[in-house]
Amino acid sequence: MPPKQTKGEYIETDTGNKVSRKSVILGSQNIILGGKTIIQADCTIRGDLRRTVAPGQQSGNVAIAVGRYCFLSRSSVLRPPGKIARGIYSYYPMKIGDHVFVGEGSVVEAALIGSYVHISKDCVIGKFTIIKDCVRIEEGTVIAPNSVIPSFSVVSGRPGVVVAELPETAVEGLERA
Amino acid sequence: MVFPTIHISCPCADSISITPKPAKKKSRSHKAAEEEESEEEERFDPRSARSNFSLFPLESLLYCEDCNQIRCPRCVHDEIVCYFCPSCLFEVPSSAIKSDGNRCTRNCFSCPICFASLVVASTRDDQSGPYVLLCPHCHWSSSEIGIEFEKPTSITTQLAQKLKTVSTPSVTPAPSAPSDSYFPTISITPTISLPPNDAPRAPPTTAEMYQRLKVHYASQRASTGTDEFGSSNALSRLIGLYSSTSLTVGGPKPRSFSGGSGISKPLIGRDRKSEWSEMDHTLEIQNEDTTIAQLRKQGFAGTTSTAQRLNQGVPGPLFTQDVRPLAVLLRTKRSKRCRACRHILVKPESKVTTTRFRIKLVAMNYIPSLSISRLDPGSVSYNSLTPLTTHQFLLTVTNPLFDAINVTLATPQRTPGRFGTTVTILCPDFEVGANSDIWDEALGTGDAATGGKNTRKGKKTGNTGTVWDAGRNWTTVVIEIVPPLLPSEYTTDEAGGKDSPTEDDYLVQVPVSVRVEYETDVEREDGLGKEVKERREHTYWSVLGLGRIGKFGAPTTPLAVGTGGPVDVLGALGPSGVGLGRSSTYNVAKVGSSPPIVAGMVGMGVAGGLGKRNLK
Ligand SMILES: [Zn+2]
Ligand SMILES: [Zn+2]
Ligand SMILES: [Zn+2]
Ligand SMILES: [Zn+2]
């Protein structure tokens, strides 16, 4: 972290989100931030990667939906997952719950992340991964695409596998106001 | 290791509560007095071997209201609420658990190489069959072991069929040996001899051996009513035992084994033993020559790792060409009971995907939590506490209760262990405000108003006997430590290895007894007696890991943190290369800074280089 944050580094939205001016937000019209979410410098959020639709067809505009009280650390990347379906490469929306922490330099391509999820730094969350509520991903974990991580899991390793269970107090531990 | 650490000791190892006691209810005061007595006479040693098993972070502790005691994972009983597959998140009825081998039958498989979950993938561009199980992480494919599927659904049944056809005739081309020749002496003694060397056939697989054993025992049971096993009943139980532990579906529950009629206990013990000796023999039956030949062919890369082997069952395949995709093991949701009084402490909602609890009595809602930070953040790393220097830490006690508490902290003057650190808590006796509603406080109602916070508010003076700071439901006091001077590697090399400090001796672990006293309204079911106040108290031992003792007068760089670094340098220089005085010569050499480093400068100079950690 820089020793002193220059004044006005963050843009604050009406709902209390704080977005660093030094972050890269693409396709912001396709991004929903729930409120009180902080996006640090050098983050990349690819709201521009949204579902490709046939001309004239309407589809949901949201590429990335982030809940409340989330924290995206420096240099983290949110990227909607994509795959070839019926011959066309298409992106699918990414949904992130409340109280989700994404550590420095982590790349997230999940389809769904629940609430109270802590992703440590330097992780890769593979395409179309589903992470349920109350999960901690240890530093440097690489979660394989299409994985499902159930609640109260501690995930570690490359590929990330469940190595431990979180205690009943996980919600309290993973909550950050 | 990340400092500081705070662990709380569960006394269950020393108390009777680990064994279920008769459900007679002790009066609180009596129990409290008993606890007090037992706790005062003994001191907690965080370095004793037993402590390893009794120390837990506050988050993983539960609290039994009836026993008025913390409960750790050791002194609770787990009860399974439901089984579910961690991959597809479907609940599995408990009736299917045993027959399915505790695994998911809904197309959930894990990679035999890297353990990531496998996906069903088409082998064609047009997404048509045949299909394979593909690992999205390491790209292992079931086609590598010759398994492809016609349709992308019901993989479990398809795989079961494939494995039957693949493993029996093709992998072992000559399973033709009849079971009679395979067990030539079996009717005399129940041990298995090595196979005859004449046939150059592949060794039988475990499954095959199991089948042969089963056939053999079945025939034996048919031919002789009774034999050395006592009765045919015992035999069928034995087979049942095998069935339930092997991958084979079916077989009676092992529970029926112990509940059998007419079998005396010693006989059961003997049967068990003979099982194990047979197991050992089956492990020995490996044709070494073929194994070696295969090892030559496959190379080291073709062998399985221990983790891979264990994952495949016992004994696992030696070569990666013999691995099988494994159905995902199920997980459970569990409720937890107090071992002493059997009351439920945790009860999750049975729905698989919810994280809510019906009952959740966790210790952090009952006992005050501790947190530690440095008084002078950043100037010294937790990983190199300068010896013979006073280090000040801020110990914050936070009260989760709705009543104000009186806290008494106690700590030995010197920490246990060979190289004790001197510890002083400047204000060991203080009050912590109630965890009242913030709105109550703002409106000036409730207990919070009577707390008289301003009188307790610390002045951050650091004087003995006064608290450092206090807030609504927390109080901070100063704790001072003076780490000892440890014999360095230089002196120990001369004195001999016996006195050399171990890695553990460098850790500063401060046992702190936290005693809580408070008065609370007694809640009664009849709604009467609201005015009655009850005095309660609770004492627990906690262990604060405050850091690691550094070198005296020697700067510690990230390279030289801990004990490993300097030793290597010394070795490189040779024992006679440097003057062996307690100078920081080697460190200068390592750091490369030219002026000799004085002890006082050390902390300041190093701090920038080390990743400093602030707790808050
Ligand atoms: Zn315990
Ligand atoms: Zn499943
Ligand atoms: Zn794999
Ligand atoms: Zn109890």
# chains A, B, ... in the order shown; residues from 1 in each chain; ligands from 1
>>> closest_atom_pairs(of="chain B", to="ligand 1", cutoff="7 Å", atoms="only C-alpha atoms and all ligand atoms", output="Markdown table")
| residue | atom | partner | partner_atom_place_in_ligand_line | distance |
| --- | --- | --- | --- | --- |
| B:Cys10 | CA | ligand 1 | 1 (Zn) | 4.5 |
| B:Pro11 | CA | ligand 1 | 1 (Zn) | 5.9 |
| B:Cys12 | CA | ligand 1 | 1 (Zn) | 4.2 |
| B:Ala13 | CA | ligand 1 | 1 (Zn) | 6.7 |
| B:Ser54 | CA | ligand 1 | 1 (Zn) | 6.6 |
| B:Arg71 | CA | ligand 1 | 1 (Zn) | 4.8 |
| B:Cys72 | CA | ligand 1 | 1 (Zn) | 3.9 |
| B:Pro73 | CA | ligand 1 | 1 (Zn) | 6.3 |
| B:Arg74 | CA | ligand 1 | 1 (Zn) | 4.9 |
| B:Cys75 | CA | ligand 1 | 1 (Zn) | 4.2 |
>>> select_by_dssp(residues="chain A", states="strand (DSSP E or B)", output="PyMOL selection string")
chain A and resi 10-12+18-20+24-26+31-35+38-39+44-46+64-68+71-72+77-78+82-85+88-91+94-96+101-102+107-108+112-113+117-119+124-125+130-131+135-137+142-143+148-149+153-156+161-165
>>> write_last_selection(atoms="C-alpha atoms", output="JSON list (two decimals), in the first residue's frame")
[["chain", "number", "residue", "atom", "x", "y", "z"],
["A", 10, "TYR", "CA", -11.28, 7.26, -4.70],
["A", 11, "ILE", "CA", -14.48, 8.14, -6.40],
["A", 12, "GLU", "CA", -17.40, 7.59, -4.07],
["A", 18, "LYS", "CA", -15.32, 3.65, -3.32],
["A", 19, "VAL", "CA", -13.62, 3.10, -6.63],
["A", 20, "SER", "CA", -10.01, 4.01, -7.13],
["A", 24, "VAL", "CA", -9.50, -0.09, -14.82],
["A", 25, "ILE", "CA", -13.24, -0.45, -15.11],
["A", 26, "LEU", "CA", -14.42, -1.49, -18.54],
["A", 31, "ILE", "CA", -21.40, -3.56, -13.66],
["A", 32, "ILE", "CA", -23.50, -3.38, -10.51],
["A", 33, "LEU", "CA", -21.90, -2.56, -7.20],
["A", 34, "GLY", "CA", -24.16, -3.19, -4.21],
["A", 35, "GLY", "CA", -22.79, -0.46, -2.01],
["A", 38, "ILE", "CA", -14.12, -0.72, -2.18],
["A", 39, "ILE", "CA", -12.13, -1.16, -5.37],
["A", 44, "THR", "CA", -9.38, -4.57, -13.56],
["A", 45, "ILE", "CA", -13.09, -5.23, -13.91],
["A", 46, "ARG", "CA", -14.19, -6.45, -17.29],
["A", 64, "ILE", "CA", -20.67, -8.41, -13.20],
["A", 65, "ALA", "CA", -22.79, -7.96, -10.09],
["A", 66, "VAL", "CA", -20.96, -7.33, -6.84],
["A", 67, "GLY", "CA", -22.76, -7.21, -3.49],
["A", 68, "ARG", "CA", -22.24, -4.99, -0.48],
["A", 71, "PHE", "CA", -13.21, -5.38, -1.01],
["A", 72, "LEU", "CA", -11.19, -5.75, -4.17],
["A", 77, "VAL", "CA", -9.04, -8.90, -11.74],
["A", 78, "LEU", "CA", -12.72, -9.71, -12.17],
["A", 82, "GLY", "CA", -16.54, -17.43, -21.22],
["A", 83, "LYS", "CA", -16.88, -20.58, -23.29],
["A", 84, "ILE", "CA", -17.96, -21.78, -26.66],
["A", 85, "ALA", "CA", -21.63, -22.57, -26.77],
["A", 88, "ILE", "CA", -20.08, -19.02, -30.54],
["A", 89, "TYR", "CA", -17.70, -17.88, -27.83],
["A", 90, "SER", "CA", -19.83, -16.16, -25.27],
["A", 91, "TYR", "CA", -19.34, -14.68, -21.82],
["A", 94, "MET", "CA", -20.46, -13.20, -12.78],
["A", 95, "LYS", "CA", -22.25, -12.73, -9.49],
["A", 96, "ILE", "CA", -20.52, -11.94, -6.24],
["A", 101, "PHE", "CA", -12.69, -10.05, -0.03],
["A", 102, "VAL", "CA", -10.46, -10.48, -3.06],
["A", 107, "VAL", "CA", -7.80, -13.28, -10.81],
["A", 108, "VAL", "CA", -11.45, -14.23, -10.51],
["A", 112, "LEU", "CA", -20.91, -17.35, -8.68],
["A", 113, "ILE", "CA", -19.33, -16.37, -5.42],
["A", 117, "VAL", "CA", -15.90, -15.43, 0.98],
["A", 118, "HIS", "CA", -12.27, -14.58, 1.55],
["A", 119, "ILE", "CA", -9.99, -14.98, -1.41],
["A", 124, "VAL", "CA", -6.76, -17.86, -9.55],
["A", 125, "ILE", "CA", -10.44, -18.73, -9.42],
["A", 130, "ILE", "CA", -19.09, -21.73, -7.94],
["A", 131, "ILE", "CA", -18.06, -20.77, -4.44],
["A", 135, "VAL", "CA", -15.34, -20.06, 2.27],
["A", 136, "ARG", "CA", -11.72, -19.13, 2.68],
["A", 137, "ILE", "CA", -9.29, -19.53, -0.20],
["A", 142, "VAL", "CA", -5.48, -22.11, -8.15],
["A", 143, "ILE", "CA", -9.04, -23.38, -8.40],
["A", 148, "VAL", "CA", -17.79, -26.20, -6.85],
["A", 149, "ILE", "CA", -16.66, -25.20, -3.37],
["A", 153, "SER", "CA", -14.44, -24.89, 3.29],
["A", 154, "VAL", "CA", -10.83, -23.86, 3.47],
["A", 155, "VAL", "CA", -9.32, -24.33, 0.03],
["A", 156, "SER", "CA", -5.64, -24.50, -0.70],
["A", 161, "VAL", "CA", -8.84, -28.73, -2.87],
["A", 162, "VAL", "CA", -10.73, -28.49, 0.39],
["A", 163, "VAL", "CA", -8.13, -28.91, 3.12],
["A", 164, "ALA", "CA", -10.15, -28.00, 6.19],
["A", 165, "GLU", "CA", -13.50, -26.96, 7.49]]
>>> select_by_dssp(residues="chain A", states="alpha helix (DSSP H)", output="list of chain:residue names")
A:Ala170, A:Val171, A:Glu172, A:Gly173, A:Leu174
>>> write_last_selection(atoms="N, CA, C and O atoms", output="tab-separated table (two decimals), in the first residue's frame")
chain	number	residue	atom	x	y	z
A	170	ALA	N	-17.54	-18.89	11.27
A	170	ALA	CA	-16.95	-18.40	10.03
A	170	ALA	C	-17.53	-17.06	9.59
A	170	ALA	O	-16.81	-16.18	9.15
A	171	VAL	N	-18.83	-16.92	9.75
A	171	VAL	CA	-19.45	-15.68	9.29
A	171	VAL	C	-18.87	-14.49	10.04
A	171	VAL	O	-18.48	-13.48	9.46
A	172	GLU	N	-18.76	-14.64	11.36
A	172	GLU	CA	-18.21	-13.55	12.15
A	172	GLU	C	-16.76	-13.27	11.74
A	172	GLU	O	-16.33	-12.13	11.68
A	173	GLY	N	-16.03	-14.34	11.47
A	173	GLY	CA	-14.63	-14.16	11.11
A	173	GLY	C	-14.43	-13.53	9.75
A	173	GLY	O	-13.45	-12.84	9.52
A	174	LEU	N	-15.35	-13.80	8.85
A	174	LEU	CA	-15.16	-13.34	7.47
A	174	LEU	C	-15.89	-12.02	7.21
A	174	LEU	O	-15.80	-11.46	6.13
>>> residues_near_ligand(ligand="ligand 3", cutoff="10 Å", atoms="only C-alpha atoms and all ligand atoms", output="MDAnalysis selection string")
(chainID A and resid 144 158:159) or (chainID B and resid 110:118 134:141 325)
>>> residues_near_ligand(ligand="ligand 4", cutoff="6 Å", atoms="only C-alpha atoms and all ligand atoms", output="MDAnalysis selection string")
chainID B and resid 64 66:67 338 340:341 343
>>> interface_residues(of="chain B", to="chain A", cutoff="9 Å", atoms="only C-alpha atoms", output="CSV table (one decimal) with all heavy atoms, in the first residue's frame")
chain,number,residue,atom,x,y,z
B,59,GLU,N,-12.1,-18.8,17.8
B,59,GLU,CA,-13.1,-19.0,16.8
B,59,GLU,C,-13.6,-20.5,16.8
B,59,GLU,O,-14.7,-20.8,16.4
B,59,GLU,CB,-12.6,-18.7,15.4
B,59,GLU,CG,-12.3,-17.2,15.2
B,59,GLU,CD,-10.9,-16.8,15.7
B,59,GLU,OE1,-10.0,-17.5,15.3
B,59,GLU,OE2,-10.9,-16.0,16.6
B,60,SER,N,-12.7,-21.4,17.2
B,60,SER,CA,-13.1,-22.8,17.0
B,60,SER,C,-13.6,-23.4,18.4
B,60,SER,O,-13.7,-24.6,18.5
B,60,SER,CB,-12.0,-23.6,16.5
B,60,SER,OG,-10.8,-23.4,17.1
B,61,LEU,N,-13.9,-22.5,19.3
B,61,LEU,CA,-14.3,-23.0,20.6
B,61,LEU,C,-15.8,-22.8,20.7
B,61,LEU,O,-16.4,-21.8,20.3
B,61,LEU,CB,-13.6,-22.3,21.8
B,61,LEU,CG,-12.1,-22.6,21.9
B,61,LEU,CD1,-11.5,-21.7,23.0
B,61,LEU,CD2,-12.0,-24.1,22.4
B,62,LEU,N,-16.5,-23.7,21.4
B,62,LEU,CA,-17.9,-23.6,21.7
B,62,LEU,C,-18.1,-23.3,23.2
B,62,LEU,O,-17.1,-23.3,23.9
B,62,LEU,CB,-18.6,-24.9,21.3
B,62,LEU,CG,-18.4,-25.3,19.8
B,62,LEU,CD1,-19.1,-26.6,19.6
B,62,LEU,CD2,-19.0,-24.2,18.9
B,85,CYS,N,-22.9,-34.2,-1.3
B,85,CYS,CA,-21.8,-34.3,-2.2
B,85,CYS,C,-21.2,-32.9,-2.3
B,85,CYS,O,-22.0,-31.9,-2.6
B,85,CYS,CB,-22.2,-34.8,-3.5
B,85,CYS,SG,-20.9,-34.6,-4.8
B,86,PRO,N,-19.9,-32.7,-2.0
B,86,PRO,CA,-19.4,-31.3,-2.1
B,86,PRO,C,-19.3,-30.8,-3.5
B,86,PRO,O,-19.0,-29.6,-3.7
B,86,PRO,CB,-18.0,-31.5,-1.5
B,86,PRO,CG,-17.7,-32.9,-1.7
B,86,PRO,CD,-18.9,-33.7,-1.6
B,87,SER,N,-19.6,-31.7,-4.5
B,87,SER,CA,-19.4,-31.2,-5.9
B,87,SER,C,-20.8,-30.8,-6.5
B,87,SER,O,-20.9,-29.8,-7.1
B,87,SER,CB,-18.8,-32.3,-6.7
B,87,SER,OG,-18.3,-31.8,-7.9
B,88,CYS,N,-21.8,-31.7,-6.3
B,88,CYS,CA,-23.1,-31.3,-6.9
B,88,CYS,C,-24.0,-30.8,-5.8
B,88,CYS,O,-25.1,-30.4,-6.1
B,88,CYS,CB,-23.7,-32.5,-7.6
B,88,CYS,SG,-24.0,-34.0,-6.5
B,89,LEU,N,-23.6,-30.8,-4.6
B,89,LEU,CA,-24.4,-30.3,-3.4
B,89,LEU,C,-25.7,-30.9,-3.2
B,89,LEU,O,-26.6,-30.3,-2.7
B,89,LEU,CB,-24.5,-28.7,-3.6
B,89,LEU,CG,-23.2,-28.0,-3.7
B,89,LEU,CD1,-23.4,-26.5,-3.9
B,89,LEU,CD2,-22.3,-28.2,-2.4
B,114,CYS,N,-4.5,-35.1,-9.9
B,114,CYS,CA,-4.3,-33.9,-9.2
B,114,CYS,C,-5.5,-33.6,-8.2
B,114,CYS,O,-5.5,-32.6,-7.5
B,114,CYS,CB,-4.2,-32.7,-10.1
B,114,CYS,SG,-5.7,-32.2,-11.0
B,115,PHE,N,-6.5,-34.4,-8.2
B,115,PHE,CA,-7.7,-34.3,-7.3
B,115,PHE,C,-8.7,-33.2,-7.6
B,115,PHE,O,-9.6,-33.0,-6.8
B,115,PHE,CB,-7.2,-34.3,-5.8
B,115,PHE,CG,-6.2,-35.3,-5.5
B,115,PHE,CD1,-5.0,-34.9,-4.8
B,115,PHE,CD2,-6.3,-36.6,-5.9
B,115,PHE,CE1,-4.0,-35.8,-4.5
B,115,PHE,CE2,-5.3,-37.5,-5.6
B,115,PHE,CZ,-4.2,-37.1,-4.9
B,116,ALA,N,-8.5,-32.5,-8.7
B,116,ALA,CA,-9.5,-31.5,-9.1
B,116,ALA,C,-10.7,-32.3,-9.5
B,116,ALA,O,-10.7,-33.5,-9.8
B,116,ALA,CB,-9.0,-30.6,-10.2
B,117,SER,N,-11.9,-31.6,-9.6
B,117,SER,CA,-13.1,-32.4,-10.0
B,117,SER,C,-13.1,-32.5,-11.5
B,117,SER,O,-12.8,-31.5,-12.2
B,117,SER,CB,-14.4,-31.8,-9.5
B,117,SER,OG,-14.3,-30.4,-9.3
B,118,LEU,N,-13.4,-33.6,-12.0
B,118,LEU,CA,-13.4,-33.9,-13.4
B,118,LEU,C,-14.7,-33.4,-14.1
B,118,LEU,O,-15.8,-33.3,-13.4
B,118,LEU,CB,-13.3,-35.4,-13.7
B,118,LEU,CG,-12.0,-36.1,-13.1
B,118,LEU,CD1,-12.1,-37.6,-13.3
B,118,LEU,CD2,-10.8,-35.5,-13.9
B,119,VAL,N,-14.6,-33.1,-15.4
B,119,VAL,CA,-15.8,-32.7,-16.1
B,119,VAL,C,-16.0,-33.7,-17.2
B,119,VAL,O,-15.1,-34.3,-17.7
B,119,VAL,CB,-15.7,-31.3,-16.7
B,119,VAL,CG1,-15.8,-30.3,-15.6
B,119,VAL,CG2,-14.5,-31.1,-17.5
B,126,ASP,N,-18.1,-31.5,-32.5
B,126,ASP,CA,-19.5,-31.2,-32.5
B,126,ASP,C,-20.2,-31.7,-31.3
B,126,ASP,O,-21.4,-31.8,-31.3
B,126,ASP,CB,-20.1,-31.9,-33.8
B,126,ASP,CG,-19.9,-33.4,-33.7
B,126,ASP,OD1,-19.1,-33.9,-32.9
B,126,ASP,OD2,-20.6,-34.1,-34.5
B,135,CYS,N,-9.9,-33.7,-16.8
B,135,CYS,CA,-9.5,-32.8,-15.7
B,135,CYS,C,-9.3,-31.5,-16.2
B,135,CYS,O,-8.4,-31.3,-17.0
B,135,CYS,CB,-8.3,-33.4,-14.9
B,135,CYS,SG,-7.7,-32.2,-13.7
B,136,PRO,N,-10.0,-30.5,-15.7
B,136,PRO,CA,-9.8,-29.1,-16.3
B,136,PRO,C,-8.5,-28.5,-15.7
B,136,PRO,O,-8.1,-27.5,-16.2
B,136,PRO,CB,-11.0,-28.3,-15.8
B,136,PRO,CG,-11.5,-29.1,-14.6
B,136,PRO,CD,-11.1,-30.5,-14.8
B,137,HIS,N,-7.8,-29.1,-14.8
B,137,HIS,CA,-6.6,-28.6,-14.2
B,137,HIS,C,-5.4,-29.2,-14.9
B,137,HIS,O,-4.5,-28.5,-15.5
B,137,HIS,CB,-6.5,-28.8,-12.7
B,137,HIS,CG,-5.4,-28.1,-12.1
B,137,HIS,ND1,-5.4,-26.7,-11.8
B,137,HIS,CD2,-4.2,-28.5,-11.7
B,137,HIS,CE1,-4.3,-26.4,-11.2
B,137,HIS,NE2,-3.5,-27.4,-11.2
B,138,CYS,N,-5.2,-30.5,-14.8
B,138,CYS,CA,-4.0,-31.1,-15.3
B,138,CYS,C,-4.3,-31.8,-16.7
B,138,CYS,O,-3.3,-32.4,-17.3
B,138,CYS,CB,-3.4,-32.1,-14.3
B,138,CYS,SG,-4.4,-33.6,-14.2
B,346,VAL,N,-24.3,-27.0,18.9
B,346,VAL,CA,-24.4,-26.5,17.6
B,346,VAL,C,-25.3,-27.4,16.8
B,346,VAL,O,-25.3,-28.6,16.9
B,346,VAL,CB,-23.0,-26.6,16.8
B,346,VAL,CG1,-23.2,-26.4,15.3
B,346,VAL,CG2,-22.0,-25.5,17.4
B,348,PRO,N,-26.8,-27.2,12.9
B,348,PRO,CA,-27.0,-26.5,11.7
B,348,PRO,C,-28.4,-26.8,11.1
B,348,PRO,O,-29.0,-27.9,11.4
B,348,PRO,CB,-25.9,-27.1,10.8
B,348,PRO,CG,-25.7,-28.4,11.3
B,348,PRO,CD,-26.0,-28.4,12.8
B,352,VAL,N,-28.8,-28.4,2.7
B,352,VAL,CA,-27.3,-28.5,2.4
B,352,VAL,C,-26.7,-27.1,2.2
B,352,VAL,O,-25.7,-26.8,2.7
B,352,VAL,CB,-27.1,-29.4,1.2
B,352,VAL,CG1,-25.7,-29.3,0.7
B,352,VAL,CG2,-27.4,-30.9,1.6
B,353,THR,N,-27.4,-26.3,1.4
B,353,THR,CA,-26.8,-25.1,0.9
B,353,THR,C,-26.9,-23.9,1.9
B,353,THR,O,-26.3,-22.9,1.7
B,353,THR,CB,-27.3,-24.7,-0.4
B,353,THR,OG1,-28.8,-24.7,-0.3
B,353,THR,CG2,-26.9,-25.6,-1.5
B,354,THR,N,-27.6,-24.1,3.0
B,354,THR,CA,-27.7,-22.9,3.9
B,354,THR,C,-26.6,-23.0,4.9
B,354,THR,O,-26.1,-24.0,5.3
B,354,THR,CB,-29.1,-22.9,4.6
B,354,THR,OG1,-29.1,-21.8,5.5
B,354,THR,CG2,-29.3,-24.2,5.4
B,355,THR,N,-26.2,-21.8,5.4
B,355,THR,CA,-25.1,-21.7,6.3
B,355,THR,C,-25.7,-21.3,7.7
B,355,THR,O,-24.9,-20.9,8.6
B,355,THR,CB,-24.1,-20.7,5.9
B,355,THR,OG1,-24.7,-19.4,5.7
B,355,THR,CG2,-23.4,-21.1,4.6
B,357,PHE,N,-27.7,-21.6,11.4
B,357,PHE,CA,-27.7,-22.6,12.5
B,357,PHE,C,-28.9,-22.4,13.3
B,357,PHE,O,-29.4,-21.3,13.5
B,357,PHE,CB,-26.4,-22.4,13.4
B,357,PHE,CG,-25.2,-22.8,12.7
B,357,PHE,CD1,-24.4,-21.8,12.0
B,357,PHE,CD2,-24.7,-24.1,12.8
B,357,PHE,CE1,-23.3,-22.2,11.3
B,357,PHE,CE2,-23.5,-24.4,12.1
B,357,PHE,CZ,-22.8,-23.5,11.4
B,360,LYS,N,-26.3,-22.3,18.1
B,360,LYS,CA,-24.9,-22.0,17.9
B,360,LYS,C,-24.4,-21.3,19.1
B,360,LYS,O,-24.5,-20.1,19.3
B,360,LYS,CB,-24.7,-21.1,16.6
B,360,LYS,CG,-23.3,-20.9,16.2
B,360,LYS,CD,-23.1,-20.3,14.9
B,360,LYS,CE,-22.9,-18.8,15.0
B,360,LYS,NZ,-22.5,-18.2,13.7
B,362,VAL,N,-21.3,-20.4,20.6
B,362,VAL,CA,-19.9,-20.3,20.4
B,362,VAL,C,-19.2,-19.5,21.5
B,362,VAL,O,-19.8,-18.5,22.0
B,362,VAL,CB,-19.5,-19.7,19.0
B,362,VAL,CG1,-20.0,-20.7,17.9
B,362,VAL,CG2,-20.2,-18.4,18.8
B,364,MET,N,-17.0,-17.3,21.6
B,364,MET,CA,-16.8,-15.8,21.4
B,364,MET,C,-17.9,-15.0,21.8
B,364,MET,O,-17.8,-13.8,22.0
B,364,MET,CB,-16.4,-15.5,20.0
B,364,MET,CG,-17.4,-15.9,18.9
B,364,MET,SD,-17.0,-15.0,17.4
B,364,MET,CE,-15.4,-15.7,16.9
>>> residues_near_ligand(ligand="ligand 2", cutoff="8 Å", atoms="only C-alpha atoms and all ligand atoms", output="list in words")
Phe84, Cys85, Pro86, Ser87, Cys88, Leu89, Phe90, Arg103, Cys104, Thr105, Arg106, Asn107, Cys108, Phe109, Ala327, Val328 and Leu330 of chain B
>>> closest_residue(among="B:Arg50, B:Thr332, B:Lys214, B:Ser436", to="B:Lys351", atoms="only C-alpha atoms")
B:Thr332
